[in-house]
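What follows is run33.cif (mmCIF, C-alpha atoms).
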data_input
loop_
_atom_site.label_atom_id
_atom_site.label_comp_id
_atom_site.auth_asym_id
_atom_site.auth_seq_id
_atom_site.Cartn_x
_atom_site.Cartn_y
_atom_site.Cartn_z
CA MET A 1 194.91 -16.91 347.15
CA ALA A 2 193.24 -16.70 343.75
CA THR A 3 189.68 -15.54 343.46
CA SER A 4 187.42 -18.39 342.39
CA PHE A 5 184.63 -18.41 339.83
CA TYR A 6 182.18 -18.82 342.71
CA ASP A 7 183.63 -15.75 344.50
CA LEU A 8 183.30 -13.65 341.35
CA SER A 9 179.72 -14.66 340.69
CA VAL A 10 177.46 -15.88 343.49
CA PRO A 11 178.41 -13.43 346.29
CA THR A 12 178.44 -10.58 343.76
CA PHE A 13 174.93 -11.41 342.57
CA LEU A 14 173.74 -11.96 346.15
CA GLN A 15 175.04 -8.60 347.37
CA THR A 16 172.96 -6.76 344.80
CA VAL A 17 169.92 -9.09 344.90
CA LYS A 18 169.70 -8.46 348.65
CA ALA A 19 170.06 -4.73 348.03
CA VAL A 20 167.24 -4.86 345.45
CA GLY A 21 165.07 -6.65 348.02
CA GLY A 22 165.92 -3.89 350.48
CA PHE A 23 165.00 -1.04 348.19
CA LEU A 24 161.77 -2.81 347.20
CA ASP A 25 160.94 -2.95 350.92
CA ARG A 26 161.80 0.76 351.22
CA ALA A 27 159.39 1.49 348.37
CA VAL A 28 156.56 -0.28 350.25
CA ILE A 29 157.34 1.73 353.41
CA HIS A 30 157.40 4.94 351.38
CA CYS A 31 154.01 4.11 349.88
CA ALA A 32 152.54 3.37 353.32
CA GLU A 33 153.85 6.73 354.58
CA THR A 34 152.57 8.68 351.58
CA GLY A 35 149.27 6.88 351.05
CA THR A 36 150.25 5.64 347.60
CA ASP A 37 150.14 2.16 346.07
CA PRO A 38 153.37 0.26 345.29
CA ASP A 39 151.56 -1.34 342.35
CA ASP A 40 151.80 2.09 340.69
CA PHE A 41 155.52 1.37 340.18
CA VAL A 42 154.97 -1.84 338.18
CA ASP A 43 154.58 -0.16 334.79
CA ALA A 44 156.73 2.90 335.56
CA ARG A 45 159.54 3.74 333.13
CA LEU A 46 162.36 6.24 333.04
CA PHE A 47 161.69 6.98 329.37
CA ASP A 48 158.97 5.83 326.98
CA ASP A 49 161.38 3.67 324.97
CA MET A 50 162.76 1.85 328.04
CA ALA A 51 161.34 -1.30 329.58
CA PRO A 52 159.09 -0.86 332.63
CA PHE A 53 159.95 -1.51 336.27
CA HIS A 54 158.57 -5.05 336.32
CA PHE A 55 160.85 -5.99 333.41
CA GLN A 56 163.88 -4.60 335.26
CA ILE A 57 163.17 -6.85 338.25
CA GLU A 58 162.56 -9.91 336.07
CA ALA A 59 165.74 -9.29 334.07
CA ALA A 60 167.81 -8.91 337.25
CA TRP A 61 166.48 -12.29 338.40
CA TYR A 62 167.16 -13.88 335.02
CA HIS A 63 170.70 -12.60 334.63
CA SER A 64 171.70 -13.70 338.11
CA VAL A 65 170.07 -17.09 338.59
CA TRP A 66 169.70 -18.09 334.94
CA GLY A 67 173.15 -16.76 334.08
CA LEU A 68 174.56 -19.23 336.57
CA GLU A 69 172.26 -21.96 335.28
CA ALA A 70 173.66 -21.27 331.80
CA ALA A 71 177.20 -21.65 333.15
CA LYS A 72 176.08 -24.98 334.60
CA THR A 73 174.11 -26.37 331.66
CA GLY A 74 175.58 -24.55 328.67
CA VAL A 75 172.19 -23.05 327.75
CA PHE A 76 170.77 -19.65 328.72
CA ALA A 77 167.11 -20.57 329.07
CA PRO A 78 165.30 -18.37 331.58
CA PRO A 79 161.55 -18.89 331.83
CA ALA A 80 159.29 -16.71 329.71
CA LEU A 81 158.80 -13.19 331.00
CA VAL A 82 155.89 -12.98 333.39
CA GLY A 83 154.87 -9.45 332.48
CA PRO A 84 153.18 -6.99 334.79
CA VAL A 85 152.59 -8.55 338.19
CA PRO A 86 151.68 -6.90 341.49
CA PHE A 87 154.58 -5.26 343.32
CA ALA A 88 154.41 -8.03 345.96
CA GLY A 89 155.01 -10.54 343.15
CA LEU A 90 158.18 -8.68 342.18
CA GLN A 91 159.32 -8.81 345.80
CA ALA A 92 158.67 -12.56 345.80
CA MET A 93 160.66 -12.92 342.59
CA ILE A 94 163.69 -11.27 344.19
CA GLY A 95 163.22 -13.50 347.24
CA LYS A 96 163.29 -16.56 344.97
CA ALA A 97 166.45 -15.26 343.32
CA GLU A 98 168.13 -14.89 346.71
CA THR A 99 167.12 -18.42 347.73
CA ALA A 100 168.32 -19.89 344.42
CA LEU A 101 171.65 -18.06 344.61
CA GLU A 102 172.23 -19.18 348.20
CA ALA A 103 171.74 -22.79 347.10
CA PHE A 104 174.79 -22.74 344.79
CA THR A 105 177.89 -24.15 346.47
CA PRO A 106 181.50 -23.12 345.81
CA ASP A 107 182.49 -26.62 344.66
CA GLU A 108 179.52 -26.79 342.31
CA VAL A 109 180.12 -23.40 340.69
CA ASN A 110 183.90 -23.77 340.55
CA GLY A 111 183.39 -27.08 338.73
CA TRP A 112 181.86 -25.21 335.77
CA THR A 113 184.98 -23.22 334.91
CA GLY A 114 186.14 -23.36 331.32
CA LYS A 115 182.90 -24.88 330.03
CA ALA A 116 182.22 -23.76 326.47
CA LEU A 117 178.74 -22.54 325.64
CA ASP A 118 177.09 -20.68 322.82
CA LEU A 119 174.39 -18.13 323.39
CA GLN A 120 171.88 -17.33 320.68
CA ILE A 121 170.54 -13.77 320.84
CA GLY A 122 168.31 -13.17 317.86
CA PRO A 123 170.47 -13.73 314.80
CA ARG A 124 173.75 -13.50 316.78
CA ARG A 125 175.49 -16.58 318.12
CA LEU A 126 178.01 -15.72 320.82
CA ALA A 127 180.71 -18.18 321.92
CA PHE A 128 181.47 -17.97 325.65
CA THR A 129 183.09 -19.89 328.43
CA SER A 130 181.23 -20.08 331.73
CA GLU A 131 183.42 -17.32 333.11
CA THR A 132 183.13 -14.97 330.13
CA LEU A 133 179.36 -15.47 330.03
CA ILE A 134 179.06 -14.35 333.66
CA LEU A 135 181.68 -11.60 333.58
CA SER A 136 180.90 -10.04 330.20
CA PHE A 137 177.19 -10.79 329.70
CA SER A 138 175.26 -11.70 332.85
CA LEU A 139 176.88 -9.36 335.38
CA PRO A 140 176.70 -6.22 333.18
CA ASN A 141 173.07 -6.95 332.24
CA PHE A 142 172.20 -7.79 335.84
CA HIS A 143 173.64 -4.52 337.15
CA PHE A 144 172.03 -2.50 334.36
CA HIS A 145 168.57 -3.81 335.24
CA ALA A 146 169.09 -3.57 339.01
CA VAL A 147 170.24 0.05 338.81
CA THR A 148 167.45 0.91 336.38
CA ALA A 149 164.90 -0.46 338.88
CA TYR A 150 166.59 1.63 341.59
CA ASP A 151 166.47 4.71 339.32
CA ILE A 152 162.78 4.23 338.55
CA LEU A 153 161.92 4.09 342.25
CA ARG A 154 164.15 7.05 343.00
CA SER A 155 162.61 9.09 340.16
CA ARG A 156 159.18 8.37 341.66
CA GLY A 157 160.10 9.79 345.05
CA VAL A 158 161.26 6.73 347.00
CA PRO A 159 164.00 8.04 349.33
CA LEU A 160 166.95 5.89 348.28
CA GLY A 161 170.65 6.57 348.33
CA LYS A 162 173.80 4.98 346.99
CA ARG A 163 174.18 2.76 350.05
CA ASP A 164 170.76 1.26 349.35
CA TYR A 165 172.07 0.12 345.97
CA GLU A 166 175.46 -1.05 347.24
CA GLY A 167 173.95 -3.35 349.83
CA ARG A 168 176.13 -5.02 352.41
CA LEU A 169 179.75 -4.66 351.42
CA ARG A 170 181.98 -7.73 351.67
CA THR A 171 184.77 -6.36 353.79
CA ARG A 172 187.62 -8.39 355.23
CA PRO A 173 187.47 -9.39 358.90
CA ALA A 174 189.07 -6.85 361.22
#
Output the file's structure in the form of structure tokens.
Amino acid sequence: MATSFYDLSVPTFLQTVKAVGGFLDRAVIHCAETGTDPDDFVDARLFDDMAPFHFQIEAAWYHSVWGLEAAKTGVFAPPALVGPVPFAGLQAMIGKAETALEAFTPDEVNGWTGKALDLQIGPRRLAFTSETLILSFSLPNFHFHAVTAYDILRSRGVPLGKRDYEGRLRTRPA
């Protein structure tokens, strides 16, 4: 059986969104155990010229949910960036992403295949189909920001491992 557009997108985003929610929870537990404040992560960066932690979480939300919305509508129009918010607000954002992703149905998403859309990024206008937008723009950006958030937490002492990033693998039934 062929893999559908839905199978390539929604479950892939959900696997990592749930993993991000899990490592955000681990960060809160770590802070409780060490007497530190999870809000100290909000503006943390790996390097001075990289976006802060809060941006990584927002961008992961945008590239998953709003990438799919772009496939649906033909326009990539995420809401304006929120900016620094308390760590609990970032957890809520990932929770909203999970809820939004779970609301997409296979028939709905598969009905968007082949849709042409143009994406304006600064002066560049990029011509995509729904599938190429997700596979070559949204998924790579989504994973970049999710792993950068993971790396920021890890670099600040949160005890995370590869399995925390992988999340629940989608294995075949035994």
Name all residues at most 12 Å from Thr3 in chain A (count all atoms listed in the file; drop same-chain ones fewer than 4 positions away) and give them as a PDB file with C-alpha atoms, in the coordinates of the input.
ATOM      1  CA  ASP A   7     183.630 -15.750 344.500  1.00  0.00           C
ATOM      2  CA  LEU A   8     183.300 -13.650 341.350  1.00  0.00           C
ATOM      3  CA  SER A   9     179.720 -14.660 340.690  1.00  0.00           C
ATOM      4  CA  PRO A  11     178.410 -13.430 346.290  1.00  0.00           C
ATOM      5  CA  PRO A 106     181.500 -23.120 345.810  1.00  0.00           C
ATOM      6  CA  ASN A 110     183.900 -23.770 340.550  1.00  0.00           C
TER       7      ASN A 110
END
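Of the listed residues (A:Phe104, A:Val42, A:Ser155, A:Ala77), A:Val42 comes nearest to Gly89 in chain A; the distances count all atoms listed in the file.
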**OP:** Between CA of Asp37 in chain A and CA of Pro86 in chain A, measure the distance and give it in Å to one decimal.
**Re:** 10.3 Å
**OP:** Name the residues that the PyMOL selection byres ((chain A and resi 76) around 10) picks from the file above, as a VMD selection string, using the file's chain letters and numbers.
**Re:** chain A and resid 62 to 63 66 to 75 77 to 79 117 to 121 133
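For the set A:Glu102, A:Thr16, A:Ala92, A:Tyr6, the residue with the smallest atom-to-atom gap to His143 in chain A is A:Thr16, counting all atoms listed in the file.
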Write out as a PDB file with C-alpha atoms, in the coordinates of the input the residues lying within 12 Å of Ala27 in chain A, counting only C-alpha atoms and excluding same-chain residues fewer than 3 positions away.
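Result went into part17.pdb, see below:
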ATOM      1  CA  VAL A  20     167.240  -4.860 345.450  1.00  0.00           C
ATOM      2  CA  GLY A  21     165.070  -6.650 348.020  1.00  0.00           C
ATOM      3  CA  GLY A  22     165.920  -3.890 350.480  1.00  0.00           C
ATOM      4  CA  PHE A  23     165.000  -1.040 348.190  1.00  0.00           C
ATOM      5  CA  LEU A  24     161.770  -2.810 347.200  1.00  0.00           C
ATOM      6  CA  HIS A  30     157.400   4.940 351.380  1.00  0.00           C
ATOM      7  CA  CYS A  31     154.010   4.110 349.880  1.00  0.00           C
ATOM      8  CA  ALA A  32     152.540   3.370 353.320  1.00  0.00           C
ATOM      9  CA  GLU A  33     153.850   6.730 354.580  1.00  0.00           C
ATOM     10  CA  THR A  34     152.570   8.680 351.580  1.00  0.00           C
ATOM     11  CA  GLY A  35     149.270   6.880 351.050  1.00  0.00           C
ATOM     12  CA  THR A  36     150.250   5.640 347.600  1.00  0.00           C
ATOM     13  CA  ASP A  37     150.140   2.160 346.070  1.00  0.00           C
ATOM     14  CA  PRO A  38     153.370   0.260 345.290  1.00  0.00           C
ATOM     15  CA  ASP A  39     151.560  -1.340 342.350  1.00  0.00           C
ATOM     16  CA  ASP A  40     151.800   2.090 340.690  1.00  0.00           C
ATOM     17  CA  PHE A  41     155.520   1.370 340.180  1.00  0.00           C
ATOM     18  CA  VAL A  42     154.970  -1.840 338.180  1.00  0.00           C
ATOM     19  CA  PHE A  87     154.580  -5.260 343.320  1.00  0.00           C
ATOM     20  CA  ALA A  88     154.410  -8.030 345.960  1.00  0.00           C
ATOM     21  CA  LEU A  90     158.180  -8.680 342.180  1.00  0.00           C
ATOM     22  CA  GLN A  91     159.320  -8.810 345.800  1.00  0.00           C
ATOM     23  CA  ALA A 149     164.900  -0.460 338.880  1.00  0.00           C
ATOM     24  CA  TYR A 150     166.590   1.630 341.590  1.00  0.00           C
ATOM     25  CA  ASP A 151     166.470   4.710 339.320  1.00  0.00           C
ATOM     26  CA  ILE A 152     162.780   4.230 338.550  1.00  0.00           C
ATOM     27  CA  LEU A 153     161.920   4.090 342.250  1.00  0.00           C
ATOM     28  CA  ARG A 154     164.150   7.050 343.000  1.00  0.00           C
ATOM     29  CA  SER A 155     162.610   9.090 340.160  1.00  0.00           C
ATOM     30  CA  ARG A 156     159.180   8.370 341.660  1.00  0.00           C
ATOM     31  CA  GLY A 157     160.100   9.790 345.050  1.00  0.00           C
ATOM     32  CA  VAL A 158     161.260   6.730 347.000  1.00  0.00           C
ATOM     33  CA  PRO A 159     164.000   8.040 349.330  1.00  0.00           C
ATOM     34  CA  LEU A 160     166.950   5.890 348.280  1.00  0.00           C
ATOM     35  CA  ASP A 164     170.760   1.260 349.350  1.00  0.00           C
TER      36      ASP A 164
END
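One distance worth recording is that between CA of Phe137 in chain A and CA of Gln15 in chain A, which is 17.9 Å.
Among the candidates A:Ser136, A:Arg45, A:Arg172, A:Ala146, the one nearest to Phe13 in chain A when counting all atoms listed in the file is A:Ala146.
Going from CA of Val147 in chain A over to CA of Tyr165 in chain A, you cover 7.4 Å.
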Step by step, gather every atom of range 32-49 of chain A that the file lists, find the box along x, y and z that holds them, add 4 Å on each side, and finally give centre and edge lengths in Å to one decimal, as AutoDock Vina command-line options.
--center_x 155.8 --center_y 3.4 --center_z 339.8 --size_x 21.1 --size_y 18.5 --size_z 37.6
Report as an mmCIF file with C-alpha atoms, in the frame of the given file the full result of the PyMOL selection byres ((chain A and resi 131) around 8) when it is applied to this structure.
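Now in out_29.cif:
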data_model
loop_
_atom_site.group_PDB
_atom_site.id
_atom_site.type_symbol
_atom_site.label_atom_id
_atom_site.label_comp_id
_atom_site.auth_asym_id
_atom_site.auth_seq_id
_atom_site.Cartn_x
_atom_site.Cartn_y
_atom_site.Cartn_z
ATOM 1 C CA PHE A 5 184.630 -18.410 339.830
ATOM 2 C CA ALA A 71 177.200 -21.650 333.150
ATOM 3 C CA THR A 113 184.980 -23.220 334.910
ATOM 4 C CA GLY A 114 186.140 -23.360 331.320
ATOM 5 C CA PHE A 128 181.470 -17.970 325.650
ATOM 6 C CA THR A 129 183.090 -19.890 328.430
ATOM 7 C CA SER A 130 181.230 -20.080 331.730
ATOM 8 C CA THR A 132 183.130 -14.970 330.130
ATOM 9 C CA LEU A 133 179.360 -15.470 330.030
ATOM 10 C CA ILE A 134 179.060 -14.350 333.660
ATOM 11 C CA LEU A 135 181.680 -11.600 333.580
#
Original post:
On this structure, which residues satisfy the PyMOL selection byres ((chain A and resi 59) around 12), written as a ChimeraX atom specification?
Top reply: /A:17,51-58,60-67,78-83,90,93-94,97,138-149
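Minimum distance to Val109 in chain A across A:Asp49, A:Ala127, A:Val28, A:Val10 (counting only C-alpha atoms) occurs at A:Val10.
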